[in-house]
file data_33.cif (mmCIF, C-alpha atoms)
data_start
#
loop_
_atom_site.group_PDB
_atom_site.id
_atom_site.type_symbol
_atom_site.label_atom_id
_atom_site.label_comp_id
_atom_site.auth_asym_id
_atom_site.auth_seq_id
_atom_site.Cartn_x
_atom_site.Cartn_y
_atom_site.Cartn_z
ATOM 1 C CA MET A 1302 -134.120 -152.573 81.283
ATOM 2 C CA THR A 1303 -130.585 -153.862 80.958
ATOM 3 C CA ILE A 1304 -127.599 -151.667 80.288
ATOM 4 C CA GLN A 1305 -127.164 -153.254 76.852
ATOM 5 C CA ALA A 1306 -130.756 -152.444 75.922
ATOM 6 C CA ARG A 1307 -130.402 -148.923 77.289
ATOM 7 C CA GLU A 1308 -127.176 -148.389 75.343
ATOM 8 C CA ALA A 1309 -128.926 -149.195 72.094
ATOM 9 C CA THR A 1310 -132.109 -147.233 72.734
ATOM 10 C CA THR A 1311 -131.475 -144.473 75.257
ATOM 11 C CA PRO A 1312 -130.379 -141.117 73.893
ATOM 12 C CA VAL A 1313 -127.894 -139.296 76.095
ATOM 13 C CA GLU A 1314 -127.533 -135.534 76.048
ATOM 14 C CA LEU A 1315 -124.387 -133.711 77.177
ATOM 15 C CA ARG A 1316 -125.188 -130.404 78.857
ATOM 16 C CA THR A 1317 -122.849 -127.678 80.050
ATOM 17 C CA ILE A 1318 -123.695 -127.228 83.729
ATOM 18 C CA THR A 1319 -122.097 -125.197 86.485
ATOM 19 C CA PHE A 1320 -120.041 -127.119 89.022
ATOM 20 C CA ALA A 1321 -122.384 -125.742 91.704
ATOM 21 C CA HIS A 1322 -125.526 -127.156 90.028
ATOM 22 C CA PRO A 1323 -127.398 -129.642 92.282
ATOM 23 C CA ASP A 1324 -126.805 -132.515 89.823
ATOM 24 C CA ALA A 1325 -123.080 -131.727 89.750
ATOM 25 C CA VAL A 1326 -122.983 -131.624 93.549
ATOM 26 C CA ARG A 1327 -124.852 -134.946 93.773
ATOM 27 C CA LEU A 1328 -122.502 -136.685 91.308
ATOM 28 C CA ASN A 1329 -119.469 -135.157 93.000
ATOM 29 C CA ASP A 1330 -120.694 -136.556 96.328
ATOM 30 C CA ARG A 1331 -121.012 -139.994 94.717
ATOM 31 C CA VAL A 1332 -117.525 -139.939 93.235
ATOM 32 C CA GLN A 1333 -116.109 -138.738 96.554
ATOM 33 C CA LEU A 1334 -117.682 -141.749 98.289
ATOM 34 C CA GLU A 1335 -116.130 -144.026 95.676
ATOM 35 C CA TYR A 1336 -112.702 -142.416 96.173
ATOM 36 C CA ALA A 1337 -113.068 -142.817 99.944
ATOM 37 C CA GLU A 1338 -113.942 -146.501 99.575
ATOM 38 C CA ARG A 1339 -111.080 -147.199 97.166
ATOM 39 C CA TYR A 1340 -108.415 -145.264 99.046
ATOM 40 C CA GLY A 1341 -109.657 -145.507 102.634
ATOM 41 C CA ASP A 1342 -109.631 -141.752 103.162
ATOM 42 C CA GLU A 1343 -111.938 -138.734 102.877
ATOM 43 C CA GLY A 1344 -111.893 -138.600 99.060
ATOM 44 C CA ASP A 1345 -110.242 -136.061 96.777
ATOM 45 C CA VAL A 1346 -109.500 -132.905 98.750
ATOM 46 C CA THR A 1347 -108.159 -130.915 95.797
ATOM 47 C CA PRO A 1348 -109.531 -127.386 96.275
ATOM 48 C CA LEU A 1349 -112.064 -126.671 93.525
ATOM 49 C CA ASP A 1350 -114.078 -123.511 93.012
ATOM 50 C CA PRO A 1351 -117.122 -123.624 90.701
ATOM 51 C CA THR A 1352 -115.807 -120.592 88.796
ATOM 52 C CA MET A 1353 -112.787 -122.658 87.648
ATOM 53 C CA PHE A 1354 -115.069 -124.484 85.196
ATOM 54 C CA GLU A 1355 -116.730 -121.437 83.658
ATOM 55 C CA PRO A 1356 -116.133 -120.820 79.950
ATOM 56 C CA PRO A 1357 -113.861 -119.738 78.413
ATOM 57 C CA ARG A 1358 -111.380 -120.949 81.086
ATOM 58 C CA GLY A 1359 -113.116 -124.263 81.645
ATOM 59 C CA ARG A 1360 -116.261 -126.282 81.120
ATOM 60 C CA TYR A 1361 -118.271 -128.772 83.137
ATOM 61 C CA LEU A 1362 -120.492 -131.396 81.494
ATOM 62 C CA ILE A 1363 -123.166 -133.759 82.693
ATOM 63 C CA ALA A 1364 -124.619 -136.567 80.581
ATOM 64 C CA TYR A 1365 -128.381 -136.960 81.020
ATOM 65 C CA ASP A 1366 -130.660 -139.741 79.820
ATOM 66 C CA GLU A 1367 -134.084 -139.045 78.278
ATOM 67 C CA HIS A 1368 -135.677 -138.993 81.739
ATOM 68 C CA GLY A 1369 -133.357 -136.241 82.956
ATOM 69 C CA THR A 1370 -131.272 -138.585 85.099
ATOM 70 C CA ALA A 1371 -127.688 -137.419 85.509
ATOM 71 C CA LEU A 1372 -125.443 -140.351 84.514
ATOM 72 C CA ALA A 1373 -121.917 -139.022 84.114
ATOM 73 C CA THR A 1374 -119.818 -135.940 84.583
ATOM 74 C CA GLY A 1375 -116.489 -134.354 83.776
ATOM 75 C CA GLY A 1376 -114.866 -130.979 83.444
ATOM 76 C CA TRP A 1377 -111.706 -129.132 82.554
ATOM 77 C CA ARG A 1378 -110.124 -126.030 84.008
ATOM 78 C CA SER A 1379 -107.329 -123.811 82.714
ATOM 79 C CA MET A 1380 -104.022 -124.221 84.476
ATOM 80 C CA ASP A 1381 -100.763 -122.413 83.862
ATOM 81 C CA GLU A 1382 -97.285 -122.699 85.353
ATOM 82 C CA ASP A 1383 -97.713 -122.254 89.086
ATOM 83 C CA GLY A 1384 -94.942 -124.159 90.852
ATOM 84 C CA GLU A 1385 -97.119 -127.286 91.203
ATOM 85 C CA GLY A 1386 -95.942 -128.906 87.968
ATOM 86 C CA TYR A 1387 -98.435 -127.364 85.540
ATOM 87 C CA GLN A 1388 -97.258 -125.731 82.302
ATOM 88 C CA ASP A 1389 -98.596 -122.654 80.555
ATOM 89 C CA GLY A 1390 -101.464 -123.704 78.298
ATOM 90 C CA ASP A 1391 -102.558 -126.725 80.336
ATOM 91 C CA ALA A 1392 -106.175 -127.788 80.710
ATOM 92 C CA GLU A 1393 -106.721 -130.079 83.680
ATOM 93 C CA LEU A 1394 -109.354 -132.795 83.539
ATOM 94 C CA LYS A 1395 -111.379 -133.045 86.762
ATOM 95 C CA ARG A 1396 -114.242 -135.083 88.191
ATOM 96 C CA MET A 1397 -114.637 -137.620 85.419
ATOM 97 C CA TYR A 1398 -117.254 -139.976 86.788
ATOM 98 C CA VAL A 1399 -119.859 -142.384 85.463
ATOM 99 C CA THR A 1400 -122.497 -143.761 87.806
ATOM 100 C CA PRO A 1401 -122.204 -147.532 88.297
ATOM 101 C CA GLU A 1402 -125.557 -148.146 86.593
ATOM 102 C CA ALA A 1403 -124.372 -146.313 83.429
ATOM 103 C CA ARG A 1404 -120.897 -147.815 83.099
ATOM 104 C CA GLY A 1405 -120.117 -149.561 79.849
ATOM 105 C CA LEU A 1406 -122.154 -147.136 77.719
ATOM 106 C CA GLY A 1407 -119.161 -145.169 76.405
ATOM 107 C CA LEU A 1408 -120.113 -142.032 78.321
ATOM 108 C CA ALA A 1409 -116.628 -141.395 79.723
ATOM 109 C CA ARG A 1410 -115.110 -141.512 76.223
ATOM 110 C CA ARG A 1411 -117.802 -139.226 74.880
ATOM 111 C CA ILE A 1412 -117.315 -136.682 77.668
ATOM 112 C CA LEU A 1413 -113.525 -136.915 77.372
ATOM 113 C CA ALA A 1414 -113.631 -136.223 73.613
ATOM 114 C CA GLU A 1415 -115.962 -133.254 74.097
ATOM 115 C CA LEU A 1416 -113.794 -131.776 76.845
ATOM 116 C CA GLU A 1417 -110.628 -132.198 74.782
ATOM 117 C CA ALA A 1418 -112.221 -130.467 71.782
ATOM 118 C CA ASP A 1419 -113.516 -127.650 73.951
ATOM 119 C CA ALA A 1420 -110.164 -127.071 75.669
ATOM 120 C CA ARG A 1421 -108.406 -127.066 72.278
ATOM 121 C CA ALA A 1422 -110.923 -124.516 70.946
ATOM 122 C CA ALA A 1423 -110.236 -122.366 74.030
ATOM 123 C CA GLY A 1424 -106.532 -122.272 73.127
ATOM 124 C CA ARG A 1425 -105.281 -124.843 75.602
ATOM 125 C CA VAL A 1426 -102.402 -126.949 74.256
ATOM 126 C CA ARG A 1427 -102.155 -129.893 76.651
ATOM 127 C CA MET A 1428 -104.745 -131.835 78.654
ATOM 128 C CA VAL A 1429 -103.432 -133.137 81.962
ATOM 129 C CA LEU A 1430 -104.988 -135.264 84.662
ATOM 130 C CA GLU A 1431 -104.178 -136.949 87.916
ATOM 131 C CA THR A 1432 -105.650 -140.289 88.877
ATOM 132 C CA GLY A 1433 -104.629 -143.043 91.242
ATOM 133 C CA THR A 1434 -103.395 -146.597 91.169
ATOM 134 C CA LYS A 1435 -106.674 -147.824 92.691
ATOM 135 C CA GLN A 1436 -108.586 -146.603 89.633
ATOM 136 C CA PRO A 1437 -107.434 -149.045 86.938
ATOM 137 C CA GLU A 1438 -110.514 -148.342 84.804
ATOM 138 C CA ALA A 1439 -109.577 -144.660 84.629
ATOM 139 C CA ILE A 1440 -105.970 -145.456 83.755
ATOM 140 C CA ALA A 1441 -107.164 -147.807 80.983
ATOM 141 C CA LEU A 1442 -109.507 -145.138 79.578
ATOM 142 C CA TYR A 1443 -106.823 -142.471 79.498
ATOM 143 C CA THR A 1444 -104.007 -144.600 78.094
ATOM 144 C CA SER A 1445 -106.313 -146.006 75.380
ATOM 145 C CA SER A 1446 -107.263 -142.390 74.550
ATOM 146 C CA GLY A 1447 -103.674 -141.321 73.881
ATOM 147 C CA TYR A 1448 -102.582 -140.118 77.310
ATOM 148 C CA THR A 1449 -99.049 -140.908 78.411
ATOM 149 C CA PRO A 1450 -97.385 -140.590 81.808
ATOM 150 C CA ALA A 1451 -96.554 -136.932 82.379
ATOM 151 C CA PRO A 1452 -92.846 -136.097 82.545
ATOM 152 C CA ALA A 1453 -93.418 -134.439 85.936
ATOM 153 C CA LYS A 1454 -96.161 -134.883 88.511
ATOM 154 C CA PHE A 1455 -98.469 -131.954 89.212
ATOM 155 C CA GLY A 1456 -101.367 -130.920 91.399
ATOM 156 C CA HIS A 1457 -102.495 -131.558 94.925
ATOM 157 C CA TYR A 1458 -101.416 -135.222 95.066
ATOM 158 C CA ARG A 1459 -98.080 -134.859 93.216
ATOM 159 C CA PHE A 1460 -96.112 -136.249 96.174
ATOM 160 C CA ASP A 1461 -98.449 -139.193 96.853
ATOM 161 C CA ASP A 1462 -97.093 -142.632 95.870
ATOM 162 C CA LEU A 1463 -100.561 -143.718 94.657
ATOM 163 C CA SER A 1464 -100.847 -140.744 92.299
ATOM 164 C CA ARG A 1465 -100.390 -141.087 88.544
ATOM 165 C CA CYS A 1466 -100.268 -138.064 86.247
ATOM 166 C CA TYR A 1467 -100.971 -138.218 82.511
ATOM 167 C CA ALA A 1468 -100.848 -135.736 79.662
ATOM 168 C CA LYS A 1469 -101.921 -135.464 76.036
ATOM 169 C CA GLN A 1470 -101.096 -132.757 73.512
ATOM 170 C CA LEU A 1471 -104.240 -131.180 72.180
#

call {"tool": "encode", "arguments": {"input": "data_33.cif", "output": "structure tokens"}}
result
Amino acid sequence: MTIQAREATTPVELRTITFAHPDAVRLNDRVQLEYAERYGDEGDVTPLDPTMFEPPRGRYLIAYDEHGTALATGGWRSMDEDGEGYQDGDAELKRMYVTPEARGLGLARRILAELEADARAAGRVRMVLETGTKQPEAIALYTSSGYTPAPAKFGHYRFDDLSRCYAKQL
């Protein structure tokens, strides 16, 4: 089955999952390998605790096809002013990833929209994210979704020249 045929006929369900769930761990391992290949390092070493994504201070989603195959993931976590460039009321987007075989189906946009709506409903006022120059697809997704370069860098990679930080008012 081609991706185009699957896009037209395969229903995809977004499920709230814990960041420690085996499917979340498996997809996180895959995205870490991709980061390592793109950047020539060990991947994203930002410290993440599964409890950071628990409602109401966060949420973690996985998109599943009708066979129960995990295709894409993404989450947000509450962040407030902490000396690392975050502002009170921030929601930080983390671990947005679509498996190579599911790219082009609009899953990243669907997850992004759901996470933005959820963060807004939780009282967060700004969605922020950090990505890198070697992820042009991510930069294109975020800028076409209304994200603009953040006035100040934030997070674990804020001093890295390859880091790009974006923000969007919710």

call {"tool": "closest_atom_pairs", "arguments": {"input": "data_33.cif", "of": "range 1318-1350 of chain A", "to": "range 1443-1457 of chain A", "cutoff": "9 Å", "atoms": "all atoms listed in the file", "output": "CSV"}}
result
residue,atom,partner,partner_atom,distance
A:Val1346,CA,A:His1457,CA,8.1
A:Thr1347,CA,A:His1457,CA,5.8
A:Pro1348,CA,A:His1457,CA,8.3

call {"tool": "residues_around", "arguments": {"input": "data_33.cif", "residues": "Trp1377 in chain A", "least_positions_apart": "6", "cutoff": "12 Å", "atoms": "only C-alpha atoms", "output": "short mmCIF file (atom, residue, chain, number, x, y, z; two decimals) with C-alpha atoms, in the coordinates of the input"}}
result
data_model
loop_
_atom_site.label_atom_id
_atom_site.label_comp_id
_atom_site.auth_asym_id
_atom_site.auth_seq_id
_atom_site.Cartn_x
_atom_site.Cartn_y
_atom_site.Cartn_z
CA THR A 1317 -122.85 -127.68 80.05
CA THR A 1319 -122.10 -125.20 86.48
CA PHE A 1320 -120.04 -127.12 89.02
CA LEU A 1349 -112.06 -126.67 93.52
CA PRO A 1351 -117.12 -123.62 90.70
CA THR A 1352 -115.81 -120.59 88.80
CA MET A 1353 -112.79 -122.66 87.65
CA PHE A 1354 -115.07 -124.48 85.20
CA GLU A 1355 -116.73 -121.44 83.66
CA PRO A 1356 -116.13 -120.82 79.95
CA PRO A 1357 -113.86 -119.74 78.41
CA ARG A 1358 -111.38 -120.95 81.09
CA GLY A 1359 -113.12 -124.26 81.64
CA ARG A 1360 -116.26 -126.28 81.12
CA TYR A 1361 -118.27 -128.77 83.14
CA LEU A 1362 -120.49 -131.40 81.49
CA ASP A 1391 -102.56 -126.72 80.34
CA ALA A 1392 -106.18 -127.79 80.71
CA GLU A 1393 -106.72 -130.08 83.68
CA LEU A 1394 -109.35 -132.79 83.54
CA LYS A 1395 -111.38 -133.04 86.76
CA ARG A 1396 -114.24 -135.08 88.19
CA MET A 1397 -114.64 -137.62 85.42
CA ILE A 1412 -117.32 -136.68 77.67
CA LEU A 1413 -113.52 -136.92 77.37
CA ALA A 1414 -113.63 -136.22 73.61
CA GLU A 1415 -115.96 -133.25 74.10
CA LEU A 1416 -113.79 -131.78 76.84
CA GLU A 1417 -110.63 -132.20 74.78
CA ALA A 1418 -112.22 -130.47 71.78
CA ASP A 1419 -113.52 -127.65 73.95
CA ALA A 1420 -110.16 -127.07 75.67
CA ARG A 1421 -108.41 -127.07 72.28
CA ALA A 1423 -110.24 -122.37 74.03
CA ARG A 1425 -105.28 -124.84 75.60
CA ARG A 1427 -102.16 -129.89 76.65
CA MET A 1428 -104.74 -131.84 78.65
CA VAL A 1429 -103.43 -133.14 81.96
CA LEU A 1430 -104.99 -135.26 84.66
#

call {"tool": "resolve_selection", "arguments": {"input": "data_33.cif", "expression": "the PyMOL selection byres ((chain A and resi 1409) around 10)", "output": "VMD selection string"}}
result
chain A and resid 1364 1373 to 1375 1397 to 1399 1403 to 1408 1410 to 1415 1439 1442 to 1443

call {"tool": "atom_distance", "arguments": {"input": "data_33.cif", "atom1": "CA of Leu1372 in chain A", "atom2": "CA of Val1313 in chain A"}}
result
8.8 Å

call {"tool": "atom_distance", "arguments": {"input": "data_33.cif", "atom1": "CA of Arg1327 in chain A", "atom2": "CA of Arg1465 in chain A"}}
result
25.8 Å

call {"tool": "atom_distance", "arguments": {"input": "data_33.cif", "atom1": "CA of Thr1370 in chain A", "atom2": "CA of Pro1401 in chain A"}}
result
13.1 Å

call {"tool": "residues_near_point", "arguments": {"input": "data_33.cif", "point": "(-118.1, -136.8, 96.7)", "cutoff": "12 Å", "atoms": "all atoms listed in the file", "output": "PyMOL selection string"}}
result
chain A and resi 1324-1338+1342-1347+1396-1398

call {"tool": "closest_residue", "arguments": {"input": "data_33.cif", "among": "A:Gln1388, A:Arg1339, A:Asp1383, A:Asp1366", "to": "Gln1470 in chain A", "atoms": "only C-alpha atoms"}}
result
A:Gln1388

call {"tool": "closest_residue", "arguments": {"input": "data_33.cif", "among": "A:Gly1424, A:Gly1386, A:Gly1341, A:Gly1376", "to": "Tyr1458 in chain A", "atoms": "all atoms listed in the file"}}
result
A:Gly1386

call {"tool": "decode", "arguments": {"input": "data_33.cif", "residues": "range 1333-1469 of chain A", "atoms": "C-alpha atoms", "output": "CSV table (one decimal), in the first residue's frame"}}
result
chain,number,residue,atom,x,y,z
A,1333,GLN,CA,17.0,10.1,18.9
A,1334,LEU,CA,18.7,8.0,16.2
A,1335,GLU,CA,17.6,10.5,13.6
A,1336,TYR,CA,19.0,13.4,15.7
A,1337,ALA,CA,22.2,11.5,16.1
A,1338,GLU,CA,22.5,10.9,12.4
A,1339,ARG,CA,21.7,14.5,11.5
A,1340,TYR,CA,23.9,16.2,14.1
A,1341,GLY,CA,26.6,13.6,14.5
A,1342,ASP,CA,26.2,13.3,18.3
A,1343,GLU,CA,24.2,11.3,20.9
A,1344,GLY,CA,20.8,12.9,20.1
A,1345,ASP,CA,18.8,15.3,22.2
A,1346,VAL,CA,20.1,15.1,25.8
A,1347,THR,CA,17.5,17.5,27.2
A,1348,PRO,CA,16.4,16.0,30.6
A,1349,LEU,CA,12.8,14.8,30.4
A,1350,ASP,CA,10.8,13.2,33.1
A,1351,PRO,CA,7.6,11.3,32.1
A,1352,THR,CA,5.7,13.3,34.7
A,1353,MET,CA,6.3,16.5,32.8
A,1354,PHE,CA,3.7,15.4,30.2
A,1355,GLU,CA,1.0,14.5,32.6
A,1356,PRO,CA,-2.2,16.6,32.5
A,1357,PRO,CA,-3.0,19.2,33.4
A,1358,ARG,CA,0.7,20.4,33.2
A,1359,GLY,CA,1.3,18.7,29.9
A,1360,ARG,CA,0.1,16.0,27.4
A,1361,TYR,CA,1.8,13.4,25.3
A,1362,LEU,CA,0.1,12.1,22.1
A,1363,ILE,CA,0.7,9.2,19.8
A,1364,ALA,CA,-1.0,8.8,16.4
A,1365,TYR,CA,-2.0,5.1,15.7
A,1366,ASP,CA,-3.2,3.6,12.5
A,1367,GLU,CA,-6.1,1.1,12.4
A,1368,HIS,CA,-3.7,-1.8,13.1
A,1369,GLY,CA,-2.4,-0.2,16.3
A,1370,THR,CA,0.9,0.9,14.7
A,1371,ALA,CA,2.4,4.0,16.4
A,1372,LEU,CA,3.1,6.5,13.6
A,1373,ALA,CA,3.8,9.8,15.2
A,1374,THR,CA,4.3,11.5,18.5
A,1375,GLY,CA,4.5,14.9,20.2
A,1376,GLY,CA,3.9,16.4,23.6
A,1377,TRP,CA,3.9,19.6,25.5
A,1378,ARG,CA,5.0,20.5,29.0
A,1379,SER,CA,4.4,23.5,31.2
A,1380,MET,CA,7.4,25.8,31.6
A,1381,ASP,CA,7.6,29.0,33.6
A,1382,GLU,CA,10.4,31.6,34.1
A,1383,ASP,CA,13.4,29.7,35.3
A,1384,GLY,CA,16.5,31.5,34.2
A,1385,GLU,CA,16.8,29.4,31.0
A,1386,GLY,CA,14.8,31.8,28.8
A,1387,TYR,CA,11.3,30.5,29.5
A,1388,GLN,CA,8.5,32.9,30.4
A,1389,ASP,CA,5.6,32.4,32.9
A,1390,GLY,CA,2.8,30.7,31.0
A,1391,ASP,CA,4.9,28.9,28.4
A,1392,ALA,CA,4.1,25.4,27.1
A,1393,GLU,CA,7.1,23.8,25.5
A,1394,LEU,CA,6.6,21.4,22.5
A,1395,LYS,CA,8.8,18.3,22.7
A,1396,ARG,CA,9.4,15.1,20.8
A,1397,MET,CA,7.5,15.9,17.6
A,1398,TYR,CA,8.2,13.0,15.4
A,1399,VAL,CA,6.7,11.2,12.4
A,1400,THR,CA,8.1,7.8,11.3
A,1401,PRO,CA,9.6,8.0,7.8
A,1402,GLU,CA,6.9,5.6,6.5
A,1403,ALA,CA,4.1,7.9,7.7
A,1404,ARG,CA,5.6,11.3,6.5
A,1405,GLY,CA,3.4,13.3,4.2
A,1406,LEU,CA,0.1,12.3,5.8
A,1407,GLY,CA,-0.4,15.6,7.8
A,1408,LEU,CA,0.2,13.9,11.1
A,1409,ALA,CA,2.6,16.5,12.5
A,1410,ARG,CA,0.1,19.3,11.7
A,1411,ARG,CA,-2.7,17.3,13.3
A,1412,ILE,CA,-0.7,16.6,16.5
A,1413,LEU,CA,0.6,20.2,16.6
A,1414,ALA,CA,-2.9,21.6,16.4
A,1415,GLU,CA,-4.2,19.3,19.1
A,1416,LEU,CA,-1.3,20.1,21.4
A,1417,GLU,CA,-1.8,23.8,20.9
A,1418,ALA,CA,-5.5,23.6,21.7
A,1419,ASP,CA,-4.8,21.5,24.8
A,1420,ALA,CA,-2.1,23.8,26.1
A,1421,ARG,CA,-4.4,26.8,25.6
A,1422,ALA,CA,-7.2,25.0,27.4
A,1423,ALA,CA,-4.8,24.4,30.3
A,1424,GLY,CA,-4.2,28.1,30.6
A,1425,ARG,CA,-0.8,28.3,28.8
A,1426,VAL,CA,-0.4,31.5,26.8
A,1427,ARG,CA,2.6,30.8,24.6
A,1428,MET,CA,3.9,27.6,22.8
A,1429,VAL,CA,7.6,27.5,22.5
A,1430,LEU,CA,10.0,25.0,20.9
A,1431,GLU,CA,13.6,24.4,20.1
A,1432,THR,CA,14.7,22.8,16.9
A,1433,GLY,CA,17.9,22.8,14.9
A,1434,THR,CA,19.2,24.0,11.6
A,1435,LYS,CA,19.6,20.4,10.4
A,1436,GLN,CA,15.8,19.8,10.6
A,1437,PRO,CA,14.5,22.0,7.8
A,1438,GLU,CA,11.3,20.1,7.6
A,1439,ALA,CA,10.5,21.0,11.2
A,1440,ILE,CA,11.4,24.6,10.7
A,1441,ALA,CA,9.1,24.7,7.6
A,1442,LEU,CA,6.2,23.1,9.6
A,1443,TYR,CA,6.5,25.5,12.5
A,1444,THR,CA,6.9,28.7,10.5
A,1445,SER,CA,4.0,27.7,8.2
A,1446,SER,CA,1.9,27.1,11.4
A,1447,GLY,CA,2.5,30.7,12.7
A,1448,TYR,CA,5.6,30.3,14.8
A,1449,THR,CA,8.2,33.0,14.7
A,1450,PRO,CA,11.8,33.2,15.9
A,1451,ALA,CA,11.7,33.7,19.7
A,1452,PRO,CA,13.0,37.0,21.0
A,1453,ALA,CA,15.4,35.0,23.3
A,1454,LYS,CA,16.7,31.5,23.1
A,1455,PHE,CA,15.7,29.1,25.8
A,1456,GLY,CA,16.2,25.5,27.0
A,1457,HIS,CA,19.1,23.1,27.1
A,1458,TYR,CA,20.5,24.0,23.7
A,1459,ARG,CA,20.1,27.8,24.0
A,1460,PHE,CA,23.9,28.4,23.6
A,1461,ASP,CA,24.3,26.1,20.6
A,1462,ASP,CA,24.8,27.8,17.2
A,1463,LEU,CA,22.7,25.1,15.5
A,1464,SER,CA,19.7,25.8,17.8
A,1465,ARG,CA,16.7,27.7,16.6
A,1466,CYS,CA,13.9,28.7,19.1
A,1467,TYR,CA,10.4,29.6,18.0
A,1468,ALA,CA,7.3,30.8,19.7
A,1469,LYS,CA,3.6,31.3,19.1
